[in-house]
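The next block is final-v3.txt, given as compact mmCIF, C-alpha atoms.
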```
# COMPACT_ATOMS: atom_id res chain seq x y z
CA MET A 892 0.00 0.00 0.00
CA ILE A 893 1.21 3.50 -0.81
CA ARG A 894 1.68 5.63 2.33
CA LEU A 895 1.31 9.39 1.93
CA GLY A 896 3.84 11.71 3.50
CA ALA A 897 4.48 15.44 3.36
CA SER A 898 8.02 16.77 3.41
CA VAL A 899 8.86 19.17 6.20
CA ALA A 900 10.37 21.28 3.39
CA LEU A 901 6.79 22.35 2.56
CA PHE A 902 7.11 24.45 5.72
CA LYS A 903 10.59 25.79 4.96
CA PRO A 904 12.26 27.30 6.98
CA MET A 905 10.09 26.24 9.94
CA ASP A 906 11.12 23.50 12.37
CA LEU A 907 9.49 20.07 12.52
CA ALA A 908 7.88 21.08 15.80
CA ILE A 909 5.82 23.71 13.94
CA ALA A 910 5.14 21.65 10.82
CA ALA A 911 4.22 18.29 12.36
CA PRO A 912 0.78 19.16 13.80
CA TYR A 913 -0.35 20.63 10.47
CA ILE A 914 1.01 17.69 8.46
CA ARG A 915 -0.92 15.28 10.67
CA ALA A 916 -4.07 17.40 10.70
CA ALA A 917 -4.03 17.43 6.88
CA GLY A 918 -4.23 13.62 6.94
CA PHE A 919 -0.66 12.54 6.17
CA SER A 920 0.79 9.58 8.04
CA GLY A 921 4.44 10.58 7.75
CA THR A 922 7.02 13.25 7.08
CA THR A 923 10.74 13.79 6.59
CA VAL A 924 13.45 14.67 9.07
CA SER A 925 16.86 16.32 8.71
CA LEU A 926 19.70 14.40 10.35
CA ASN A 927 22.44 16.91 9.53
CA MET A 928 22.61 18.28 13.05
CA LEU A 929 22.62 14.79 14.55
CA VAL A 930 25.55 13.74 12.36
CA GLU A 931 27.47 16.85 13.43
CA GLN A 932 26.65 16.22 17.11
CA PHE A 933 27.08 12.44 17.01
CA ASN A 934 29.83 12.29 19.62
CA THR A 935 28.25 14.83 21.98
CA GLY A 936 25.51 14.76 24.59
CA MET A 937 23.42 17.03 22.38
CA TRP A 938 22.89 14.07 20.01
CA LYS A 939 20.72 12.24 22.55
CA GLU A 940 18.79 15.40 23.38
CA GLU A 941 17.99 16.08 19.72
CA VAL A 942 17.01 12.46 19.08
CA GLN A 943 14.60 12.60 22.01
CA ARG A 944 13.16 15.93 20.84
CA LEU A 945 12.51 14.67 17.32
CA LYS A 946 11.10 11.36 18.55
CA SER A 947 8.73 13.18 20.88
CA ILE A 948 7.50 15.46 18.08
CA ALA A 949 6.83 12.50 15.78
CA ASP A 950 5.20 10.38 18.50
CA ASP A 951 3.04 13.22 19.85
CA ASN A 952 1.66 13.83 16.37
CA GLY A 953 1.32 10.19 15.34
CA LEU A 954 3.71 10.63 12.42
CA GLU A 955 6.11 8.12 10.89
CA LEU A 956 9.51 9.59 10.06
CA MET A 957 9.48 8.18 6.54
CA SER A 958 12.79 9.47 5.25
CA ALA A 959 15.90 11.53 5.71
CA GLY A 960 18.06 12.90 2.94
CA THR A 961 21.81 13.22 2.59
CA GLY A 962 24.28 14.31 -0.06
CA ASP A 963 27.22 13.07 2.00
CA HIS A 964 28.74 9.78 0.83
CA ASP A 965 31.61 9.70 3.34
CA PRO A 966 31.61 6.20 4.95
CA GLU A 967 32.30 7.37 8.51
CA ARG A 968 29.63 10.06 8.40
CA ALA A 969 27.27 7.60 6.69
CA ARG A 970 27.54 5.33 9.73
CA TYR A 971 26.59 8.26 11.97
CA LEU A 972 23.68 8.95 9.62
CA PHE A 973 22.33 5.40 9.81
CA GLU A 974 22.86 5.24 13.58
CA SER A 975 20.80 8.43 13.92
CA ALA A 976 18.15 7.09 11.54
CA ALA A 977 17.91 3.87 13.55
CA ALA A 978 17.48 5.82 16.78
CA LEU A 979 14.55 7.68 15.20
CA SER A 980 13.04 4.67 13.37
CA VAL A 981 13.49 6.47 10.03
CA SER A 982 12.25 4.19 7.24
CA VAL A 983 14.48 5.18 4.29
CA ILE A 984 17.63 7.20 3.64
CA CYS A 985 17.52 9.17 0.37
CA THR A 986 20.51 10.45 -1.55
CA GLY A 987 21.57 11.57 -4.99
CA PRO A 988 24.50 10.76 -7.27
CA ASN A 989 27.71 12.74 -7.12
CA GLY A 990 29.86 13.45 -10.13
CA LEU A 991 29.11 14.72 -13.63
CA THR A 992 26.75 13.57 -16.36
CA GLY A 993 28.42 11.49 -19.05
CA ASP A 994 31.62 10.99 -17.05
CA GLY A 995 32.49 7.31 -16.60
CA VAL A 996 34.97 8.00 -13.80
CA SER A 997 32.28 9.93 -11.88
CA TYR A 998 29.80 7.10 -12.39
CA ASN A 999 32.21 4.44 -11.13
CA LYS A 1000 33.02 6.56 -8.08
CA THR A 1001 29.31 6.97 -7.35
CA ILE A 1002 28.79 3.20 -7.60
CA ASP A 1003 31.68 2.56 -5.21
CA GLU A 1004 30.42 5.15 -2.71
CA LEU A 1005 26.79 4.06 -2.79
CA GLY A 1006 27.77 0.40 -2.72
CA ALA A 1007 29.72 1.02 0.50
CA MET A 1008 26.76 2.92 1.98
CA ALA A 1009 24.39 0.11 0.97
CA LYS A 1010 26.47 -2.34 3.03
CA ILE A 1011 26.04 -0.07 6.05
CA ALA A 1012 22.31 0.20 5.24
CA GLY A 1013 22.11 -3.58 5.42
CA GLU A 1014 23.68 -3.59 8.88
CA TYR A 1015 20.99 -1.22 10.13
CA LYS A 1016 18.16 -2.75 8.05
CA ILE A 1017 17.31 0.73 6.68
CA PRO A 1018 17.13 0.94 2.87
CA LEU A 1019 19.22 3.48 0.98
CA VAL A 1020 17.72 4.92 -2.21
CA CYS A 1021 19.15 7.12 -4.94
CA LYS A 1022 17.37 9.09 -7.65
CA ALA A 1023 18.48 10.26 -11.07
CA HIS A 1024 19.56 13.87 -10.68
CA GLU A 1025 20.10 16.65 -13.21
CA GLY A 1026 23.81 17.12 -13.86
CA GLY A 1027 24.86 14.12 -11.77
CA SER A 1028 26.61 10.93 -12.83
CA VAL A 1029 23.17 9.25 -12.81
CA HIS A 1030 21.03 11.62 -14.86
CA THR A 1031 18.38 9.50 -16.61
CA THR A 1032 16.06 6.60 -15.85
CA PRO A 1033 18.19 4.09 -17.83
CA GLU A 1034 21.20 5.21 -15.80
CA ALA A 1035 19.23 4.77 -12.57
CA LEU A 1036 18.32 1.23 -13.60
CA ARG A 1037 21.95 0.50 -14.42
CA MET A 1038 23.01 1.88 -11.02
CA VAL A 1039 20.62 -0.37 -9.08
CA LYS A 1040 21.77 -3.44 -11.01
CA ASP A 1041 25.46 -2.55 -10.64
CA ILE A 1042 25.17 -2.14 -6.86
CA ASN A 1043 22.99 -5.25 -6.53
CA ASN A 1044 22.19 -5.00 -2.82
CA PRO A 1045 18.73 -5.73 -1.32
CA TYR A 1046 19.10 -2.66 0.90
CA PHE A 1047 19.69 -0.38 -2.08
CA GLY A 1048 16.91 0.78 -4.37
CA ALA A 1049 15.66 3.46 -6.70
CA ASP A 1050 13.86 6.69 -5.92
CA ILE A 1051 11.79 8.62 -8.46
CA ASP A 1052 11.56 12.40 -8.43
CA PRO A 1053 9.26 13.97 -11.07
CA PHE A 1054 11.27 17.20 -11.06
CA HIS A 1055 14.44 15.46 -12.24
CA VAL A 1056 12.52 13.16 -14.60
CA PHE A 1057 11.22 16.23 -16.43
CA LEU A 1058 14.65 17.88 -16.42
CA ALA A 1059 15.94 14.77 -18.22
CA ASP A 1060 13.19 15.27 -20.86
CA GLU A 1061 11.55 11.97 -19.93
CA SER A 1062 7.94 10.88 -19.55
CA LEU A 1063 6.99 10.52 -15.88
CA THR A 1064 4.65 7.60 -16.48
CA GLU A 1065 7.21 5.74 -18.60
CA ALA A 1066 9.95 6.37 -16.04
CA ALA A 1067 7.67 5.04 -13.30
CA LYS A 1068 6.88 1.90 -15.31
CA ALA A 1069 10.59 1.18 -15.68
CA LEU A 1070 11.51 1.93 -12.07
CA VAL A 1071 8.64 0.40 -10.06
CA PRO A 1072 10.31 -3.03 -9.64
CA TYR A 1073 13.26 -1.29 -7.98
CA LEU A 1074 11.46 1.55 -6.16
CA LYS A 1075 11.68 1.86 -2.41
CA TYR A 1076 10.65 5.53 -2.32
CA ALA A 1077 8.77 7.98 -4.54
CA HIS A 1078 8.23 11.73 -4.68
CA VAL A 1079 5.28 13.64 -6.07
CA GLN A 1080 5.10 17.31 -7.10
CA ASP A 1081 3.09 19.37 -9.50
CA PHE A 1082 4.46 21.97 -11.91
CA THR A 1083 3.39 24.33 -14.64
CA PHE A 1084 5.11 24.11 -18.01
CA ASP A 1085 5.92 26.65 -20.70
CA THR A 1086 4.91 26.29 -24.34
CA GLN A 1087 7.96 24.07 -24.98
CA GLY A 1088 6.98 21.73 -22.16
CA LYS A 1089 9.73 22.92 -19.82
CA ILE A 1090 9.16 23.48 -16.10
CA LEU A 1091 8.60 27.11 -15.19
CA LYS A 1092 11.28 27.42 -12.51
CA ASP A 1093 10.66 31.04 -11.62
CA SER A 1094 7.19 30.61 -10.15
CA PRO A 1095 7.23 32.21 -6.66
CA VAL A 1096 5.15 29.30 -5.30
CA ARG A 1097 4.77 26.12 -7.33
CA PRO A 1098 1.25 24.72 -7.70
CA ALA A 1099 -0.22 22.46 -5.05
CA CYS A 1100 -0.79 18.90 -6.27
CA GLY A 1101 -3.66 18.98 -8.75
CA ARG A 1102 -3.27 22.60 -9.83
CA GLY A 1103 -0.44 22.17 -12.31
CA ASP A 1104 0.22 20.41 -15.60
CA VAL A 1105 1.68 17.11 -14.36
CA ASP A 1106 -0.34 13.97 -15.10
CA ILE A 1107 -0.42 12.98 -11.44
CA PRO A 1108 -3.38 10.56 -11.83
CA GLY A 1109 -1.52 8.76 -14.62
CA TYR A 1110 1.63 8.60 -12.49
CA LEU A 1111 -0.28 7.25 -9.49
CA LYS A 1112 -2.06 4.68 -11.67
CA VAL A 1113 1.30 3.25 -12.72
CA LEU A 1114 2.46 3.04 -9.11
CA VAL A 1115 -0.77 1.37 -7.93
CA ASP A 1116 -1.25 -0.98 -10.89
CA ARG A 1117 2.35 -2.16 -10.79
CA GLY A 1118 2.32 -2.83 -7.07
CA TYR A 1119 4.50 -0.08 -5.61
CA ASN A 1120 4.41 -0.48 -1.84
CA GLY A 1121 6.08 2.35 0.00
CA PRO A 1122 6.13 6.06 0.84
CA LEU A 1123 4.90 8.71 -1.58
CA MET A 1124 6.33 12.00 -0.40
CA VAL A 1125 4.85 15.37 -1.36
CA GLU A 1126 7.46 18.03 -2.02
CA MET A 1127 7.44 21.50 -3.48
CA TYR A 1128 10.45 23.28 -4.95
CA SER A 1129 9.69 26.90 -4.13
CA LYS A 1130 10.66 29.90 -2.13
CA GLU A 1131 9.95 30.03 1.58
CA LYS A 1132 6.27 30.35 2.43
CA GLU A 1133 4.33 31.92 5.26
CA LEU A 1134 2.60 29.42 7.55
CA PRO A 1135 -0.94 29.92 6.16
CA ALA A 1136 0.25 29.19 2.60
CA ALA A 1137 2.19 26.13 3.75
CA VAL A 1138 -0.83 24.77 5.63
CA SER A 1139 -3.13 25.36 2.65
CA VAL A 1140 -0.81 23.67 0.14
CA THR A 1141 -0.27 20.68 2.46
CA ALA A 1142 -3.96 20.11 3.14
CA GLU A 1143 -4.89 20.54 -0.52
CA ALA A 1144 -2.21 18.03 -1.57
CA TYR A 1145 -3.51 15.37 0.80
CA GLY A 1146 -7.12 15.78 -0.31
CA TYR A 1147 -6.22 15.51 -3.98
CA LEU A 1148 -3.77 12.61 -3.68
CA ASN A 1149 -5.90 10.63 -1.25
CA ALA A 1150 -8.93 10.92 -3.55
CA CYS A 1151 -6.84 9.80 -6.54
CA LEU A 1152 -5.43 6.82 -4.67
CA LYS A 1153 -8.85 5.73 -3.40
CA PHE A 1154 -10.25 5.89 -6.91
CA LEU A 1155 -7.31 3.78 -8.14
CA GLY A 1156 -7.90 1.13 -5.48
CA ASN A 1157 -4.88 1.77 -3.28
CA LYS A 1158 -5.56 -0.43 -0.24
```

I need this file expressed as structure tokens, please.
Amino acid sequence: MIRLGASVALFKPMDLAIAAPYIRAAGFSGTTVSLNMLVEQFNTGMWKEEVQRLKSIADDNGLELMSAGTGDHDPERARYLFESAAALSVSVICTGPNGLTGDGVSYNKTIDELGAMAKIAGEYKIPLVCKAHEGGSVHTTPEALRMVKDINNPYFGADIDPFHVFLADESLTEAAKALVPYLKYAHVQDFTFDTQGKILKDSPVRPACGRGDVDIPGYLKVLVDRGYNGPLMVEMYSKEKELPAAVSVTAEAYGYLNACLKFLGNK
């Protein structure tokens, strides 16, 4: 069953303590958490205090901490990251590829780094996922599929991010069809496009799910029909928002996505 989550980034720059009650009230069952501070504080007493604070926020609001993101592939810091994630019962660690598009050396380095992190993920029983990313050594869906097969670890999987799918000039529904067997995490956003079909990046606030041009129902149908079973995280790439706008966008997203998923038979 697909589980709906709302990224705390929807409330940027507000803390999880402010965002969590509104995310839960909107209907979402989970959210994201930043572990950057915990990694920095790992060998200090402040680490335990911050873990307890974040756990209390999540528990008090009945929210699953579905994911945490990192761009750091350093093995020592990765261990701190997974230790922190385990302490918070985080479900998935999300990352992106380093390096440059079309550069074989960059790609091989990414595979080595993510392969090492996947071994740590297996120790903690917390999956690591990576998405294709504009400009990175894994830029397209075929490259993402190659990456998963090259790493070949049950605790490593694919992530799909519509924003980067469109930047690669790919079809979202076709990318989803290819990736579903390897997906352990999925994002959803809505965008408006220009007359050439390119994302309008300069919108001050991107559309809430259902207001833009993305074929979200078609995307969700692929995920449901092909048996994706995991988090679906709502994100929005935009400037910082005032609290009323953040609350409105979050609640609207849940209503739209939940109705779509019910219609599609997500159970």

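Shortest separation to A:Ala1007 among A:Val942, A:Val981, A:Thr986, A:His964 occurs at residue A:His964, atoms counted being only C-alpha atoms.
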
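The list of residues with at least one atom within 9 Å of A:Val1056, based on all atoms listed in the file and without residues fewer than 2 positions apart in the same chain, reads Ala1023, His1024, Glu1025, His1030, Thr1031, Thr1032, Ile1051, Asp1052, Pro1053, Phe1054, Leu1058, Ala1059, Asp1060, Glu1061, Ser1062, Leu1063 and Ala1066 of chain A.
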
With all atoms of stretch 1144-1158 of chain A from the file as input, state the centre and edge lengths in Å to one decimal of the axis-aligned box that has 6 Å extra on each side, as AutoDock Vina command-line options.
```
--center_x -6.2 --center_y 8.8 --center_z -3.7 --size_x 20.0 --size_y 30.5 --size_z 20.9
```

**Message:** Show me, as a PyMOL selection string, the residues that have an atom within 8 Å of A:Ser975 when counting only C-alpha atoms, minus same-chain residues fewer than 5 positions from it.
**Reply:** chain A and resi 926+929-930+942

**Message:** Env of A:Asn1149: 12 Å cut, atoms = all atoms listed in the file, seq-sep filter 3 positions within chain, self excluded. Answer as a ChimeraX atom specification.
**Reply:** /A:893-896,917-920,1100-1101,1107-1108,1111,1123,1125,1142-1146,1152-1158

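Interatomic distance, atom CA of A:Asn989 against atom CA of A:Leu1074: 19.8 Å.
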